[in-house]
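Text of entry_33.pdb, listed as PDB, C-alpha atoms:
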```
ATOM      1  CA  MET W 844     115.458  98.453  87.048
ATOM      2  CA  LYS W 845     115.352  99.269  90.730
ATOM      3  CA  ARG W 846     118.425  97.969  92.588
ATOM      4  CA  PHE W 847     120.116  96.864  89.350
ATOM      5  CA  GLY W 848     122.541  94.120  90.282
ATOM      6  CA  ASP W 849     121.463  93.834  93.916
ATOM      7  CA  LYS W 850     117.815  92.713  94.034
ATOM      8  CA  ASP W 851     118.100  91.102  97.479
ATOM      9  CA  LYS W 852     120.001  94.115  98.893
ATOM     10  CA  VAL W 853     122.620  91.913 100.579
ATOM     11  CA  ALA W 854     125.547  93.861  99.116
ATOM     12  CA  ALA W 855     123.775  97.181  99.716
ATOM     13  CA  ASP W 856     123.465  96.526 103.434
ATOM     14  CA  GLU W 857     127.160  95.652 103.709
ATOM     15  CA  CYS W 858     128.180  98.601 101.557
ATOM     16  CA  TYR W 859     126.080 101.121 103.500
ATOM     17  CA  ALA W 860     128.017 100.151 106.619
ATOM     18  CA  GLN W 861     131.388 100.381 104.830
ATOM     19  CA  VAL W 862     130.637 103.774 103.298
ATOM     20  CA  ALA W 863     129.306 105.143 106.598
ATOM     21  CA  GLU W 864     132.531 104.051 108.277
ATOM     22  CA  LYS W 865     134.668 105.486 105.465
ATOM     23  CA  PHE W 866     132.967 108.882 105.750
ATOM     24  CA  ALA W 867     132.676 108.928 109.555
ATOM     25  CA  THR W 868     135.899 110.911 109.892
ATOM     26  CA  VAL W 869     134.749 113.448 107.281
ATOM     27  CA  THR W 870     131.446 113.964 109.081
ATOM     28  CA  ALA W 871     133.159 114.158 112.478
ATOM     29  CA  THR W 872     135.696 116.773 111.389
ATOM     30  CA  THR W 873     133.313 118.866 109.277
ATOM     31  CA  PRO W 874     131.238 121.417 111.177
ATOM     32  CA  LYS W 875     127.468 121.021 110.949
ATOM     33  CA  GLN W 876     126.527 122.593 107.634
ATOM     34  CA  ASP W 877     123.470 123.507 105.706
ATOM     35  CA  LEU W 878     122.265 120.295 104.033
ATOM     36  CA  PHE W 879     122.061 122.095 100.703
ATOM     37  CA  SER W 880     125.445 123.803 100.827
ATOM     38  CA  GLY W 881     127.924 123.025  98.077
ATOM     39  CA  GLU W 882     130.156 121.020 100.411
ATOM     40  CA  ALA W 883     127.286 118.952 101.846
ATOM     41  CA  VAL W 884     126.013 118.128  98.353
ATOM     42  CA  LYS W 885     129.535 117.146  97.262
ATOM     43  CA  ILE W 886     129.890 114.776 100.235
ATOM     44  CA  THR W 887     126.488 113.231  99.531
ATOM     45  CA  LYS W 888     127.474 112.649  95.883
ATOM     46  CA  LYS W 889     130.763 111.063  96.973
ATOM     47  CA  LYS W 890     128.892 108.744  99.343
ATOM     48  CA  GLN W 891     126.578 107.659  96.524
ATOM     49  CA  PHE W 892     129.507 107.016  94.180
ATOM     50  CA  CYS W 893     131.266 104.962  96.876
ATOM     51  CA  LEU W 894     128.109 103.038  97.749
ATOM     52  CA  HIS W 895     127.386 102.113  94.139
ATOM     53  CA  GLU W 896     131.005 101.231  93.428
ATOM     54  CA  CYS W 897     130.986  98.886  96.429
ATOM     55  CA  ILE W 898     127.700  97.240  95.366
ATOM     56  CA  GLY W 899     128.938  96.877  91.794
ATOM     57  CA  LYS W 900     132.171  95.214  92.893
ATOM     58  CA  LYS W 901     130.468  92.854  95.352
ATOM     59  CA  ASN W 902     128.092  91.715  92.610
ATOM     60  CA  LYS W 903     130.847  91.412  89.955
ATOM     61  CA  LEU W 904     129.288  94.170  87.840
ATOM     62  CA  LEU W 905     132.522  96.145  88.225
ATOM     63  CA  THR W 906     136.107  94.955  88.043
ATOM     64  CA  GLU W 907     138.495  95.585  90.939
ATOM     65  CA  ASP W 908     139.635  98.892  89.412
ATOM     66  CA  GLY W 909     135.984 100.038  89.289
ATOM     67  CA  SER W 910     135.502  99.777  85.531
ATOM     68  CA  LEU W 911     132.415  98.127  84.054
ATOM     69  CA  ASN W 912     132.516  94.336  83.761
ATOM     70  CA  LYS W 913     130.749  94.553  80.400
ATOM     71  CA  THR W 914     130.253  90.863  79.687
ATOM     72  CA  PHE W 915     128.921  90.120  83.156
ATOM     73  CA  ILE W 916     126.608  93.157  83.095
ATOM     74  CA  ALA W 917     125.169  92.217  79.696
ATOM     75  CA  ASP W 918     124.566  88.597  80.760
ATOM     76  CA  TYR W 919     123.058  89.655  84.073
ATOM     77  CA  ALA W 920     120.750  92.248  82.507
ATOM     78  CA  MET W 921     119.495  89.976  79.728
ATOM     79  CA  LYS W 922     118.800  87.082  82.121
ATOM     80  CA  SER W 923     117.633  88.867  85.268
ATOM     81  CA  VAL W 924     116.325  92.319  84.358
ATOM     82  CA  PHE W 925     114.993  92.229  80.812
ATOM     83  CA  LYS W 926     112.806  89.139  80.965
ATOM     84  CA  GLU W 927     110.035  89.739  78.415
ATOM     85  CA  GLN W 928     110.746  89.906  74.681
ATOM     86  CA  TRP W 929     109.895  93.608  74.363
ATOM     87  CA  GLN W 930     112.197  94.332  77.339
ATOM     88  CA  LYS W 931     115.034  92.346  75.776
ATOM     89  CA  GLN W 932     114.865  94.395  72.558
ATOM     90  CA  ILE W 933     114.895  97.753  74.326
ATOM     91  CA  GLY W 934     117.347  96.518  76.947
ATOM     92  CA  GLN W 935     119.848  95.284  74.368
ATOM     93  CA  LYS W 936     119.836  98.666  72.607
ATOM     94  CA  ALA W 937     120.306 100.441  75.936
ATOM     95  CA  LEU W 938     123.147  98.091  76.904
ATOM     96  CA  ASP W 939     124.847  98.544  73.529
ATOM     97  CA  LYS W 940     124.833 102.315  73.983
ATOM     98  CA  CYS W 941     125.591 102.539  77.699
ATOM     99  CA  LEU W 942     128.338  99.912  77.843
ATOM    100  CA  GLU W 943     130.265 101.827  75.170
ATOM    101  CA  GLU W 944     129.640 105.291  76.631
ATOM    102  CA  THR W 945     132.614 107.236  78.001
ATOM    103  CA  TYR W 946     131.859 108.328  81.553
ATOM    104  CA  ILE W 947     133.315 111.185  83.563
ATOM    105  CA  PRO W 948     136.044 109.903  85.920
ATOM    106  CA  TRP W 949     136.636 111.001  89.497
ATOM    107  CA  PRO W 950     138.389 114.393  89.518
ATOM    108  CA  ALA W 951     142.142 113.822  89.771
ATOM    109  CA  GLU W 952     142.576 116.694  92.238
ATOM    110  CA  GLU W 953     140.151 115.110  94.718
ATOM    111  CA  THR W 954     142.014 112.406  96.584
ATOM    112  CA  GLU W 955     140.030 112.154  99.836
ATOM    113  CA  ASN W 956     137.539 109.236  99.933
ATOM    114  CA  LYS W 957     138.059 108.573  96.250
ATOM    115  CA  CYS W 958     135.514 106.326  94.501
ATOM    116  CA  ASN W 959     134.690 105.571  90.898
ATOM    117  CA  PRO W 960     131.485 107.282  89.620
ATOM    118  CA  VAL W 961     131.238 105.079  86.500
ATOM    119  CA  TYR W 962     128.625 102.670  87.884
ATOM    120  CA  VAL W 963     126.212 105.468  88.875
ATOM    121  CA  GLN W 964     126.617 107.060  85.449
ATOM    122  CA  PHE W 965     126.117 103.712  83.706
ATOM    123  CA  GLN W 966     122.951 102.974  85.684
ATOM    124  CA  HIS W 967     121.587 106.405  84.851
ATOM    125  CA  CYS W 968     122.350 105.931  81.146
ATOM    126  CA  LEU W 969     120.718 102.493  81.131
ATOM    127  CA  TRP W 970     117.615 103.717  82.925
ATOM    128  CA  LEU W 971     117.262 106.771  80.684
ATOM    129  CA  GLU W 972     117.692 104.779  77.462
ATOM    130  CA  TYR W 973     115.251 102.126  78.638
ATOM    131  CA  GLU W 974     112.619 104.637  79.785
ATOM    132  CA  SER W 975     112.997 106.819  76.690
ATOM    133  CA  ASN W 976     112.297 103.874  74.394
ATOM    134  CA  CYS W 977     109.624 102.102  76.400
ATOM    135  CA  PRO W 978     106.487 101.352  74.321
ATOM    136  CA  ASP W 979     103.482 103.491  75.234
ATOM    137  CA  ASN W 980     101.407 100.449  76.240
ATOM    138  CA  LYS W 981     104.048  99.398  78.793
ATOM    139  CA  ILE W 982     104.598 102.759  80.477
ATOM    140  CA  LYS W 983     103.518 103.118  84.093
ATOM    141  CA  LEU W 984     101.139 106.040  84.386
ATOM    142  CA  THR W 985     101.839 107.167  87.917
ATOM    143  CA  LYS W 986     102.223 110.861  88.726
ATOM    144  CA  LYS W 987     105.833 110.366  89.838
ATOM    145  CA  CYS W 988     106.806 108.518  86.642
ATOM    146  CA  GLU W 989     105.126 111.088  84.426
ATOM    147  CA  LYS W 990     106.826 113.967  86.252
ATOM    148  CA  THR W 991     110.227 112.284  85.767
ATOM    149  CA  ARG W 992     109.573 111.615  82.070
ATOM    150  CA  ASN W 993     108.533 115.231  81.488
ATOM    151  CA  ARG W 994     111.687 116.483  83.206
ATOM    152  CA  TYR W 995     113.861 114.350  80.911
ATOM    153  CA  ARG W 996     111.911 115.386  77.813
ATOM    154  CA  MET W 997     112.537 119.032  78.720
ATOM    155  CA  GLN W 998     116.260 118.360  79.287
ATOM    156  CA  LYS W 999     116.530 116.533  75.966
ATOM    157  CA  SER W1000     114.779 119.308  74.052
ATOM    158  CA  THR W1001     117.045 122.020  75.501
ATOM    159  CA  SER W1002     120.218 120.019  74.812
ATOM    160  CA  ASN W1003     119.405 119.415  71.138
TER     161      ASN W1003
END
```

Can you present the structure in this file as structure tokens?
Amino acid sequence: MKRFGDKDKVAADECYAQVAEKFATVTATTPKQDLFSGEAVKITKKKQFCLHECIGKKNKLLTEDGSLNKTFIADYAMKSVFKEQWQKQIGQKALDKCLEETYIPWPAEETENKCNPVYVQFQHCLWLEYESNCPDNKIKLTKKCEKTRNRYRMQKSTSN
């Protein structure tokens, strides 16, 4: 599911440039801060939201107002991402859930460099649903993947 909606990275390259330009004034006027400060983390999150919104719009996965283009996403995913039968079954369930999910909008009080976070949240939902329901015989057994799965299992168990 890497680079969902932008396999060839054409839109990503264009969007990186646009987002960098959009945030250039913020970076120029903000004093050099600790990378892990609250403000630096907030700016990084905003950049990611803006980047993904741009990519989603360029690839018609989002409408002009930044909301999910549900029909296009479902068609794209079923034809281009979920190719094998077992993937289609899990993918369809994930799409059904994640396309109907209500996502947290951009805070109304934050007006500077405003972008829609819906696409990032949707991608996360889709990935989590897909990974959580992946058959054991199809799971990649790399250290990184296992560490990520364990982290999500722990989060799920504490939220129940």

> What does the distance from CA of Asp908 in chain W to CA of Thr868 in chain W come to in Å, to one decimal?
Replying inline: 24.0 Å

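Residues in contact range of Lys889 in chain W, defined as at most 9 Å between only C-alpha atoms, with sequence neighbours fewer than 3 positions away removed, read Val884, Lys885, Ile886, Phe892, Cys893, Leu894, Asn956, Lys957, Cys958 and Pro960 of chain W.
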
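Among the candidates W:Ala951, W:Leu942, W:Cys897, W:Ala867, the one nearest to Gln966 in chain W when counting only C-alpha atoms is W:Leu942.
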
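What the PyMOL selection byres ((chain W and resi 910-912) around 9) grabs from this file is Gly899, Lys903, Leu904, Leu905, Thr906, Glu907, Asp908, Gly909, Lys913, Thr914, Phe915, Ile916, Ala917, Leu942, Asn959, Val961, Tyr962 and Phe965 of chain W.
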
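Considering the residues W:Val963, W:Met921, W:Ile898, W:Ile933 and counting only C-alpha atoms, Ser975 in chain W has its shortest atom-to-atom contact with W:Ile933.
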
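The spacing separating CA of Glu882 in chain W from CA of Trp949 in chain W amounts to 16.2 Å.
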
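Here CA of Asp856 in chain W stands at a distance of 12.7 Å from CA of Asn902 in chain W.
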
> Just so the selection is clear, what residues does the PyMOL selection byres ((chain W and resi 862) around 9) cover here, as an MDAnalysis selection string?
Replying inline: chainID W and resid 857:861 863:867 890:891 893:894 897

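Remark: residues at most 12 Å from position (116.3, 94.9, 74.6) in file coordinates are Ala917, Ala920, Met921, Lys922, Val924, Phe925, Lys926, Glu927, Gln928, Trp929, Gln930, Lys931, Gln932, Ile933, Gly934, Gln935, Lys936, Ala937, Leu938, Asp939, Lys940, Leu969, Glu972, Tyr973, Glu974, Asn976, Cys977 and Pro978 of chain W, using all atoms listed in the file.
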
Atoms kept (C-alpha atoms) for selection, written as a CSV table (one decimal), in the frame of the given file:
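This went into out19.csv:
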```
chain,number,residue,atom,x,y,z
W,917,ALA,CA,125.2,92.2,79.7
W,920,ALA,CA,120.8,92.2,82.5
W,921,MET,CA,119.5,90.0,79.7
W,922,LYS,CA,118.8,87.1,82.1
W,924,VAL,CA,116.3,92.3,84.4
W,925,PHE,CA,115.0,92.2,80.8
W,926,LYS,CA,112.8,89.1,81.0
W,927,GLU,CA,110.0,89.7,78.4
W,928,GLN,CA,110.7,89.9,74.7
W,929,TRP,CA,109.9,93.6,74.4
W,930,GLN,CA,112.2,94.3,77.3
W,931,LYS,CA,115.0,92.3,75.8
W,932,GLN,CA,114.9,94.4,72.6
W,933,ILE,CA,114.9,97.8,74.3
W,934,GLY,CA,117.3,96.5,76.9
W,935,GLN,CA,119.8,95.3,74.4
W,936,LYS,CA,119.8,98.7,72.6
W,937,ALA,CA,120.3,100.4,75.9
W,938,LEU,CA,123.1,98.1,76.9
W,939,ASP,CA,124.8,98.5,73.5
W,940,LYS,CA,124.8,102.3,74.0
W,969,LEU,CA,120.7,102.5,81.1
W,972,GLU,CA,117.7,104.8,77.5
W,973,TYR,CA,115.3,102.1,78.6
W,974,GLU,CA,112.6,104.6,79.8
W,976,ASN,CA,112.3,103.9,74.4
W,977,CYS,CA,109.6,102.1,76.4
W,978,PRO,CA,106.5,101.4,74.3
```

Since the input lacks atoms, please generate N, CA and C atoms for range 961-975 of chain W and provide them as an mmCIF file, in the frame of the given file.
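Listing of selection-v3.cif after writing:
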```cif
data_model
loop_
_atom_site.group_PDB
_atom_site.id
_atom_site.type_symbol
_atom_site.label_atom_id
_atom_site.label_comp_id
_atom_site.auth_asym_id
_atom_site.auth_seq_id
_atom_site.Cartn_x
_atom_site.Cartn_y
_atom_site.Cartn_z
ATOM 1 N N VAL W 961 131.664 105.714 87.750
ATOM 2 C CA VAL W 961 131.238 105.079 86.500
ATOM 3 C C VAL W 961 129.939 104.282 86.662
ATOM 4 N N TYR W 962 129.807 103.527 87.734
ATOM 5 C CA TYR W 962 128.625 102.670 87.884
ATOM 6 C C TYR W 962 127.342 103.490 88.016
ATOM 7 N N VAL W 963 127.388 104.596 88.749
ATOM 8 C CA VAL W 963 126.212 105.468 88.875
ATOM 9 C C VAL W 963 125.856 106.036 87.502
ATOM 10 N N GLN W 964 126.852 106.481 86.769
ATOM 11 C CA GLN W 964 126.617 107.060 85.449
ATOM 12 C C GLN W 964 126.071 106.012 84.479
ATOM 13 N N PHE W 965 126.612 104.805 84.552
ATOM 14 C CA PHE W 965 126.117 103.712 83.706
ATOM 15 C C PHE W 965 124.656 103.409 84.022
ATOM 16 N N GLN W 966 124.332 103.272 85.300
ATOM 17 C CA GLN W 966 122.951 102.974 85.684
ATOM 18 C C GLN W 966 121.997 104.062 85.199
ATOM 19 N N HIS W 967 122.425 105.303 85.314
ATOM 20 C CA HIS W 967 121.587 106.405 84.851
ATOM 21 C C HIS W 967 121.376 106.328 83.339
ATOM 22 N N CYS W 968 122.437 106.073 82.602
ATOM 23 C CA CYS W 968 122.350 105.931 81.146
ATOM 24 C C CYS W 968 121.390 104.800 80.784
ATOM 25 N N LEU W 969 121.551 103.657 81.425
ATOM 26 C CA LEU W 969 120.718 102.493 81.131
ATOM 27 C C LEU W 969 119.254 102.792 81.415
ATOM 28 N N TRP W 970 118.995 103.383 82.560
ATOM 29 C CA TRP W 970 117.615 103.717 82.925
ATOM 30 C C TRP W 970 117.013 104.702 81.922
ATOM 31 N N LEU W 971 117.772 105.749 81.585
ATOM 32 C CA LEU W 971 117.262 106.771 80.684
ATOM 33 C C LEU W 971 116.985 106.199 79.296
ATOM 34 N N GLU W 972 117.889 105.394 78.779
ATOM 35 C CA GLU W 972 117.692 104.779 77.462
ATOM 36 C C GLU W 972 116.483 103.837 77.470
ATOM 37 N N TYR W 973 116.365 103.070 78.512
ATOM 38 C CA TYR W 973 115.251 102.126 78.638
ATOM 39 C C TYR W 973 113.921 102.882 78.723
ATOM 40 N N GLU W 974 113.860 103.866 79.604
ATOM 41 C CA GLU W 974 112.619 104.637 79.785
ATOM 42 C C GLU W 974 112.262 105.435 78.538
ATOM 43 N N SER W 975 113.250 105.999 77.879
ATOM 44 C CA SER W 975 112.997 106.819 76.690
ATOM 45 C C SER W 975 112.444 106.009 75.528
#
```
